[in-house]
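For reference, final21.cif is printed below; it contains mmCIF, C-alpha atoms.
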```cif
data_run
loop_
_atom_site.group_PDB
_atom_site.id
_atom_site.type_symbol
_atom_site.label_atom_id
_atom_site.label_comp_id
_atom_site.auth_asym_id
_atom_site.auth_seq_id
_atom_site.Cartn_x
_atom_site.Cartn_y
_atom_site.Cartn_z
ATOM 1 C CA MET U 780 122.210 55.617 146.943
ATOM 2 C CA ASN U 781 120.100 57.231 144.203
ATOM 3 C CA ASP U 782 118.332 53.917 143.643
ATOM 4 C CA ILE U 783 117.532 53.650 147.355
ATOM 5 C CA VAL U 784 116.085 57.171 147.348
ATOM 6 C CA ASN U 785 114.025 56.335 144.269
ATOM 7 C CA SER U 786 112.830 53.144 145.954
ATOM 8 C CA VAL U 787 111.698 55.101 149.008
ATOM 9 C CA LEU U 788 109.874 57.666 146.863
ATOM 10 C CA LEU U 789 108.091 55.009 144.812
ATOM 11 C CA GLY U 790 107.246 53.108 147.992
ATOM 12 C CA ILE U 791 105.603 56.241 149.395
ATOM 13 C CA VAL U 792 103.638 56.782 146.170
ATOM 14 C CA GLU U 793 102.483 53.164 146.188
ATOM 15 C CA GLY U 794 101.490 53.200 149.842
ATOM 16 C CA LEU U 795 99.571 56.458 149.440
ATOM 17 C CA THR U 796 97.662 55.509 146.293
ATOM 18 C CA GLU U 797 97.065 51.737 146.284
ATOM 19 C CA PHE U 798 93.784 51.901 148.190
ATOM 20 C CA LEU U 799 92.634 55.391 147.267
ATOM 21 C CA PRO U 800 90.446 55.650 144.136
ATOM 22 C CA VAL U 801 93.119 57.636 142.299
ATOM 23 C CA SER U 802 95.061 54.834 140.510
ATOM 24 C CA SER U 803 98.309 53.634 142.020
ATOM 25 C CA THR U 804 99.451 52.313 138.633
ATOM 26 C CA GLY U 805 98.955 55.709 137.033
ATOM 27 C CA HIS U 806 100.791 57.530 139.817
ATOM 28 C CA LEU U 807 103.663 55.037 139.757
ATOM 29 C CA LEU U 808 104.066 55.347 135.980
ATOM 30 C CA VAL U 809 104.075 59.145 136.220
ATOM 31 C CA ALA U 810 106.594 58.955 139.080
ATOM 32 C CA GLU U 811 108.805 56.607 137.036
ATOM 33 C CA ARG U 812 108.865 59.084 134.157
ATOM 34 C CA PHE U 813 109.456 62.014 136.513
ATOM 35 C CA LEU U 814 112.396 60.209 138.140
ATOM 36 C CA ASN U 815 113.609 59.049 134.709
ATOM 37 C CA LEU U 816 113.438 55.360 135.565
ATOM 38 C CA PRO U 817 112.590 53.583 132.318
ATOM 39 C CA GLY U 818 113.039 49.882 131.695
ATOM 40 C CA GLU U 819 111.514 46.532 132.598
ATOM 41 C CA ARG U 820 113.411 46.256 135.892
ATOM 42 C CA TRP U 821 111.708 49.329 137.369
ATOM 43 C CA ASP U 822 108.387 48.290 135.848
ATOM 44 C CA ALA U 823 108.733 44.992 137.710
ATOM 45 C CA PHE U 824 109.726 46.888 140.851
ATOM 46 C CA THR U 825 106.520 48.951 140.843
ATOM 47 C CA VAL U 826 104.367 45.831 140.546
ATOM 48 C CA ILE U 827 106.185 43.816 143.184
ATOM 49 C CA ILE U 828 106.204 46.526 145.865
ATOM 50 C CA GLN U 829 102.403 46.645 145.636
ATOM 51 C CA LEU U 830 102.468 43.438 147.637
ATOM 52 C CA GLY U 831 103.862 45.456 150.554
ATOM 53 C CA ALA U 832 100.773 47.655 150.512
ATOM 54 C CA ILE U 833 98.559 44.591 150.236
ATOM 55 C CA LEU U 834 100.166 43.015 153.299
ATOM 56 C CA ALA U 835 99.038 46.096 155.214
ATOM 57 C CA VAL U 836 95.481 44.823 154.633
ATOM 58 C CA VAL U 837 96.452 41.444 156.075
ATOM 59 C CA ALA U 838 98.021 43.153 159.097
ATOM 60 C CA ILE U 839 94.919 45.251 159.789
ATOM 61 C CA TYR U 840 92.382 42.481 159.130
ATOM 62 C CA TRP U 841 94.516 39.584 160.310
ATOM 63 C CA ARG U 842 91.811 38.336 162.663
ATOM 64 C CA LYS U 843 89.327 38.041 159.809
ATOM 65 C CA PHE U 844 91.761 36.198 157.567
ATOM 66 C CA TRP U 845 92.853 33.925 160.408
ATOM 67 C CA ASP U 846 89.281 33.061 161.367
ATOM 68 C CA VAL U 847 88.472 32.238 157.743
ATOM 69 C CA LEU U 848 91.579 30.104 157.351
ATOM 70 C CA VAL U 849 90.961 28.173 160.550
ATOM 71 C CA GLY U 850 87.236 27.896 159.876
ATOM 72 C CA LEU U 851 87.392 26.586 156.297
ATOM 73 C CA PRO U 852 87.016 22.909 157.288
ATOM 74 C CA SER U 853 83.996 23.451 159.524
ATOM 75 C CA SER U 854 82.417 26.897 159.085
ATOM 76 C CA PRO U 855 79.893 27.573 156.256
ATOM 77 C CA ASP U 856 80.431 31.321 156.754
ATOM 78 C CA ALA U 857 84.192 30.960 156.297
ATOM 79 C CA ARG U 858 83.769 28.866 153.158
ATOM 80 C CA ARG U 859 81.227 31.306 151.743
ATOM 81 C CA PHE U 860 83.547 34.260 152.392
ATOM 82 C CA ALA U 861 86.503 32.523 150.745
ATOM 83 C CA LEU U 862 84.357 31.480 147.776
ATOM 84 C CA GLY U 863 83.073 35.034 147.348
ATOM 85 C CA ILE U 864 86.624 36.429 147.182
ATOM 86 C CA LEU U 865 87.649 33.679 144.762
ATOM 87 C CA ILE U 866 84.678 34.318 142.481
ATOM 88 C CA ALA U 867 85.380 38.065 142.490
ATOM 89 C CA PHE U 868 89.039 37.371 141.686
ATOM 90 C CA ILE U 869 88.411 35.150 138.638
ATOM 91 C CA PRO U 870 87.467 37.929 136.147
ATOM 92 C CA SER U 871 90.773 39.709 136.813
ATOM 93 C CA VAL U 872 92.723 36.516 136.192
ATOM 94 C CA ILE U 873 91.007 35.982 132.850
ATOM 95 C CA GLY U 874 91.207 39.638 131.876
ATOM 96 C CA GLY U 875 94.854 39.936 132.882
ATOM 97 C CA VAL U 876 95.941 36.862 130.930
ATOM 98 C CA LEU U 877 93.992 37.773 127.791
ATOM 99 C CA LEU U 878 94.743 41.509 127.711
ATOM 100 C CA LYS U 879 98.196 41.944 129.300
ATOM 101 C CA LYS U 880 100.199 41.896 126.053
ATOM 102 C CA TRP U 881 97.822 44.298 124.327
ATOM 103 C CA ILE U 882 97.830 46.703 127.283
ATOM 104 C CA ASP U 883 101.645 46.694 127.479
ATOM 105 C CA ARG U 884 102.000 47.180 123.714
ATOM 106 C CA VAL U 885 99.335 49.822 123.164
ATOM 107 C CA LEU U 886 98.141 51.626 126.290
ATOM 108 C CA LEU U 887 101.459 51.512 128.165
ATOM 109 C CA ASP U 888 103.590 52.401 125.160
ATOM 110 C CA PRO U 889 105.764 55.376 126.240
ATOM 111 C CA GLY U 890 104.216 57.505 123.534
ATOM 112 C CA TYR U 891 100.672 56.949 124.785
ATOM 113 C CA ALA U 892 100.861 56.004 128.461
ATOM 114 C CA LEU U 893 100.819 59.463 130.032
ATOM 115 C CA PRO U 894 98.012 60.895 127.841
ATOM 116 C CA VAL U 895 95.957 57.742 128.518
ATOM 117 C CA ILE U 896 96.522 58.112 132.260
ATOM 118 C CA ALA U 897 95.613 61.819 132.199
ATOM 119 C CA ALA U 898 92.398 61.078 130.311
ATOM 120 C CA SER U 899 91.533 58.199 132.659
ATOM 121 C CA TRP U 900 92.086 60.389 135.718
ATOM 122 C CA ILE U 901 89.738 63.069 134.403
ATOM 123 C CA VAL U 902 87.048 60.708 133.132
ATOM 124 C CA GLY U 903 87.249 58.655 136.324
ATOM 125 C CA GLY U 904 86.916 61.786 138.446
ATOM 126 C CA LEU U 905 83.848 62.938 136.539
ATOM 127 C CA LEU U 906 82.288 59.472 136.855
ATOM 128 C CA ILE U 907 82.879 59.458 140.609
ATOM 129 C CA LEU U 908 81.116 62.815 140.978
ATOM 130 C CA LEU U 909 78.224 61.657 138.781
ATOM 131 C CA LEU U 910 77.728 58.067 139.902
ATOM 132 C CA GLU U 911 77.969 58.815 143.606
ATOM 133 C CA ARG U 912 74.745 60.788 143.093
ATOM 134 C CA LEU U 913 73.082 57.971 141.148
ATOM 135 C CA ALA U 914 73.946 55.092 143.466
ATOM 136 C CA PRO U 915 70.760 53.334 144.659
ATOM 137 C CA ARG U 916 69.790 52.825 148.258
ATOM 138 C CA PRO U 917 72.108 50.109 149.609
ATOM 139 C CA ARG U 918 70.750 46.587 150.070
ATOM 140 C CA TYR U 919 73.931 44.912 151.303
ATOM 141 C CA LEU U 920 75.444 46.364 154.457
ATOM 142 C CA ASP U 921 78.082 43.771 155.384
ATOM 143 C CA GLY U 922 81.157 43.373 153.182
ATOM 144 C CA ASP U 923 81.862 40.009 154.822
ATOM 145 C CA LYS U 924 78.566 38.454 153.667
ATOM 146 C CA LEU U 925 77.887 39.551 150.114
ATOM 147 C CA PRO U 926 75.921 37.223 147.803
ATOM 148 C CA LEU U 927 78.157 35.303 145.411
ATOM 149 C CA TRP U 928 76.602 36.904 142.344
ATOM 150 C CA THR U 929 77.239 40.346 143.823
ATOM 151 C CA ALA U 930 80.868 39.414 144.510
ATOM 152 C CA PHE U 931 81.251 38.269 140.902
ATOM 153 C CA GLN U 932 79.821 41.558 139.609
ATOM 154 C CA ILE U 933 82.313 43.498 141.724
ATOM 155 C CA GLY U 934 85.051 41.364 140.180
ATOM 156 C CA LEU U 935 83.850 42.396 136.722
ATOM 157 C CA PHE U 936 84.150 46.053 137.702
ATOM 158 C CA GLN U 937 87.720 45.400 138.841
ATOM 159 C CA VAL U 938 88.623 44.320 135.288
ATOM 160 C CA LEU U 939 88.123 47.938 134.187
ATOM 161 C CA SER U 940 91.289 48.889 136.073
ATOM 162 C CA ILE U 941 93.227 46.308 134.053
ATOM 163 C CA VAL U 942 91.917 47.480 130.706
ATOM 164 C CA PHE U 943 92.371 51.224 131.285
ATOM 165 C CA PRO U 944 95.541 52.360 133.116
ATOM 166 C CA GLY U 945 94.650 55.199 135.450
ATOM 167 C CA THR U 946 91.177 53.874 136.202
ATOM 168 C CA SER U 947 91.946 52.728 139.783
ATOM 169 C CA ARG U 948 91.221 49.233 140.994
ATOM 170 C CA SER U 949 89.753 50.399 144.289
ATOM 171 C CA GLY U 950 87.736 53.163 142.628
ATOM 172 C CA ALA U 951 86.222 50.788 140.066
ATOM 173 C CA THR U 952 85.284 48.167 142.639
ATOM 174 C CA ILE U 953 83.928 50.541 145.298
ATOM 175 C CA LEU U 954 81.896 52.595 142.839
ATOM 176 C CA GLY U 955 80.718 49.512 140.972
ATOM 177 C CA ALA U 956 79.657 47.874 144.220
ATOM 178 C CA GLU U 957 77.699 50.987 145.204
ATOM 179 C CA LEU U 958 75.848 50.904 141.877
ATOM 180 C CA ILE U 959 74.648 47.340 142.524
ATOM 181 C CA GLY U 960 73.442 48.133 146.023
ATOM 182 C CA VAL U 961 76.402 47.587 148.352
ATOM 183 C CA GLU U 962 76.778 50.130 151.131
ATOM 184 C CA ARG U 963 79.887 52.287 150.629
ATOM 185 C CA SER U 964 81.837 51.201 153.720
ATOM 186 C CA ALA U 965 80.982 47.546 153.072
ATOM 187 C CA ALA U 966 82.151 47.944 149.466
ATOM 188 C CA THR U 967 85.407 49.506 150.682
ATOM 189 C CA VAL U 968 86.149 46.650 153.064
ATOM 190 C CA PHE U 969 85.370 44.041 150.393
ATOM 191 C CA THR U 970 87.712 45.901 148.037
ATOM 192 C CA PHE U 971 90.477 45.596 150.631
ATOM 193 C CA TYR U 972 89.882 41.849 150.888
ATOM 194 C CA LEU U 973 89.820 41.409 147.111
ATOM 195 C CA ALA U 974 93.100 43.302 146.757
ATOM 196 C CA VAL U 975 95.005 40.510 148.520
ATOM 197 C CA PRO U 976 94.657 37.718 145.917
ATOM 198 C CA THR U 977 94.589 40.214 143.043
ATOM 199 C CA MET U 978 97.910 41.859 143.814
ATOM 200 C CA LEU U 979 99.493 38.625 145.019
ATOM 201 C CA GLY U 980 98.661 37.109 141.640
ATOM 202 C CA ALA U 981 100.033 40.168 139.801
ATOM 203 C CA THR U 982 103.273 39.990 141.784
ATOM 204 C CA VAL U 983 103.789 36.278 141.143
ATOM 205 C CA PHE U 984 103.057 36.790 137.434
ATOM 206 C CA GLU U 985 105.538 39.682 137.209
ATOM 207 C CA LEU U 986 108.240 37.696 138.996
ATOM 208 C CA TYR U 987 107.663 34.785 136.625
ATOM 209 C CA LYS U 988 108.083 37.042 133.580
ATOM 210 C CA LYS U 989 110.879 39.350 134.713
ATOM 211 C CA GLY U 990 112.490 37.709 137.726
ATOM 212 C CA ALA U 991 115.553 36.738 135.699
ATOM 213 C CA LEU U 992 116.217 40.410 134.903
ATOM 214 C CA LEU U 993 116.490 41.421 138.556
ATOM 215 C CA THR U 994 119.938 41.778 140.121
ATOM 216 C CA ARG U 995 121.023 41.693 143.757
ATOM 217 C CA ALA U 996 120.831 45.503 143.815
ATOM 218 C CA ASP U 997 117.261 45.275 142.496
ATOM 219 C CA THR U 998 116.413 42.905 145.333
ATOM 220 C CA THR U 999 117.618 45.498 147.845
ATOM 221 C CA ASN U 1000 115.616 48.240 146.138
ATOM 222 C CA ILE U 1001 112.493 46.073 146.132
ATOM 223 C CA ALA U 1002 112.931 45.293 149.830
ATOM 224 C CA VAL U 1003 113.149 49.025 150.628
ATOM 225 C CA GLY U 1004 110.118 49.903 148.494
ATOM 226 C CA PHE U 1005 108.204 46.954 149.945
ATOM 227 C CA VAL U 1006 108.723 48.049 153.550
ATOM 228 C CA VAL U 1007 107.975 51.711 152.833
ATOM 229 C CA SER U 1008 104.771 50.905 150.935
ATOM 230 C CA PHE U 1009 103.634 48.626 153.780
ATOM 231 C CA ILE U 1010 104.126 51.301 156.445
ATOM 232 C CA VAL U 1011 102.489 54.095 154.456
ATOM 233 C CA ALA U 1012 99.554 51.929 153.311
ATOM 234 C CA TYR U 1013 98.885 50.761 156.873
ATOM 235 C CA PHE U 1014 98.017 54.303 157.950
ATOM 236 C CA VAL U 1015 96.317 55.237 154.672
ATOM 237 C CA ILE U 1016 93.837 52.352 154.958
ATOM 238 C CA ARG U 1017 92.654 53.501 158.365
ATOM 239 C CA GLY U 1018 92.343 57.106 157.251
ATOM 240 C CA PHE U 1019 90.581 56.166 154.015
ATOM 241 C CA LEU U 1020 87.799 54.343 155.830
ATOM 242 C CA ALA U 1021 87.135 57.440 157.936
ATOM 243 C CA ILE U 1022 87.088 59.725 154.876
ATOM 244 C CA VAL U 1023 84.803 57.434 152.873
ATOM 245 C CA GLY U 1024 82.414 57.072 155.773
ATOM 246 C CA ARG U 1025 82.115 60.841 156.181
ATOM 247 C CA TYR U 1026 82.578 62.349 152.704
ATOM 248 C CA GLY U 1027 82.204 59.497 150.212
ATOM 249 C CA LEU U 1028 84.446 59.396 147.146
ATOM 250 C CA LYS U 1029 83.816 62.970 145.975
ATOM 251 C CA PRO U 1030 87.111 64.451 147.299
ATOM 252 C CA PHE U 1031 88.991 61.884 145.234
ATOM 253 C CA GLY U 1032 86.899 62.690 142.179
ATOM 254 C CA TRP U 1033 87.959 66.329 142.362
ATOM 255 C CA TYR U 1034 91.571 65.304 142.975
ATOM 256 C CA ARG U 1035 91.582 63.073 139.886
ATOM 257 C CA ILE U 1036 90.279 65.885 137.696
ATOM 258 C CA ALA U 1037 92.893 68.310 139.022
ATOM 259 C CA ALA U 1038 95.700 65.752 138.633
ATOM 260 C CA GLY U 1039 94.615 64.873 135.103
ATOM 261 C CA LEU U 1040 94.502 68.518 134.046
ATOM 262 C CA ALA U 1041 97.920 69.123 135.638
ATOM 263 C CA LEU U 1042 99.388 66.171 133.742
ATOM 264 C CA ILE U 1043 97.888 67.388 130.466
ATOM 265 C CA GLY U 1044 99.383 70.816 131.158
ATOM 266 C CA ALA U 1045 102.799 69.303 131.837
ATOM 267 C CA LEU U 1046 102.645 67.291 128.618
ATOM 268 C CA ALA U 1047 101.566 70.354 126.643
ATOM 269 C CA LEU U 1048 104.608 72.213 127.978
ATOM 270 C CA GLY U 1049 106.867 69.494 126.638
ATOM 271 C CA TRP U 1050 107.457 67.232 129.656
#
```
Please express what this file holds, its structure, as structure tokens.
Amino acid sequence: MNDIVNSVLLGIVEGLTEFLPVSSTGHLLVAERFLNLPGERWDAFTVIIQLGAILAVVAIYWRKFWDVLVGLPSSPDARRFALGILIAFIPSVIGGVLLKKWIDRVLLDPGYALPVIAASWIVGGLLILLLERLAPRPRYLDGDKLPLWTAFQIGLFQVLSIVFPGTSRSGATILGAELIGVERSAATVFTFYLAVPTMLGATVFELYKKGALLTRADTTNIAVGFVVSFIVAYFVIRGFLAIVGRYGLKPFGWYRIAAGLALIGALALGW
């Protein structure tokens, strides 16, 4: 029963944070430590349940994905959209394969992970507050029709979230897209699209590496976390678009700074 409760709690954390620019990975790692859930099985759990949150994107934008899928044989727009997502996805594949072992060994070492996350939260928050002011006037207003070179650049920004735990995949891509002239709402929607192959790939890779370690009980826990993260993320996505359209990313910048300082305080007190 404790494992089910933990699965629900982690599913809520994942659903709340996957698409907000606050770092779902960082929040999940902190939650794991808080709940005292060390070990590769729970690490695999936190990666796999992200797919539940990603499927919330598919559920909300199912018409777009369906039209692209059906239109691939005949529609230039559908092929261009699919190619743009693929091109944006490639840097993360290369970065993940080349850097995964180093990140796990160094940055995610239990002795360093939480300080690294705290620092990333604070630095990321400060960058959000600064770069939102410096973003140029947008040139690209439609996230469905970005130039291929622009899509590739956004993919390069996404790599930052792989290299530095706590950076936030959505934060890096949205802010990076704004800096190269993509309108904020368009950047947010493109980030949602890009999350689908990115997190699907991460889940498949994690299952390949650690699937043999998972037991039948783990499968039940994953199913619970998967469903919870899907439900929570479904509502978060809709609310996030409204917040971004009205306030930008600044509220999340302030949140990151506060969360980072709180984590540093907790560590200083011996947690």
Nearest to Leu808 (chain U), chosen from U:Leu877, U:Ala832, U:Ile896, U:Ile901, with all atoms listed in the file counted in the distances
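For Leu808 (chain U), the nearest of the given residues is U:Ile896.
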Starting from the PyMOL selection byres ((chain U and resi 908) around 10), expand the selection into actual residues of this file and give them as a ChimeraX atom specification.
/U:903-907,909-913,1027-1033
Identify the residues around (89.4, 31.6, 164.0) within a radius of 7 Å, measuring from all atoms listed in the file in the coordinates stated by the file, and give them as a PyMOL selection string.
chain U and resi 845-847+849-850
Picked residues, the PyMOL selection byres ((chain U and resi 861) around 12), as number ranges by chain:
U: 843-852, 854-860, 862-868, 923-927, 930, 969, 972-973, 975-976
Which distance in Å separates CA of Val1003 (chain U) and CA of Ala892 (chain U), to one decimal?
26.3 Å
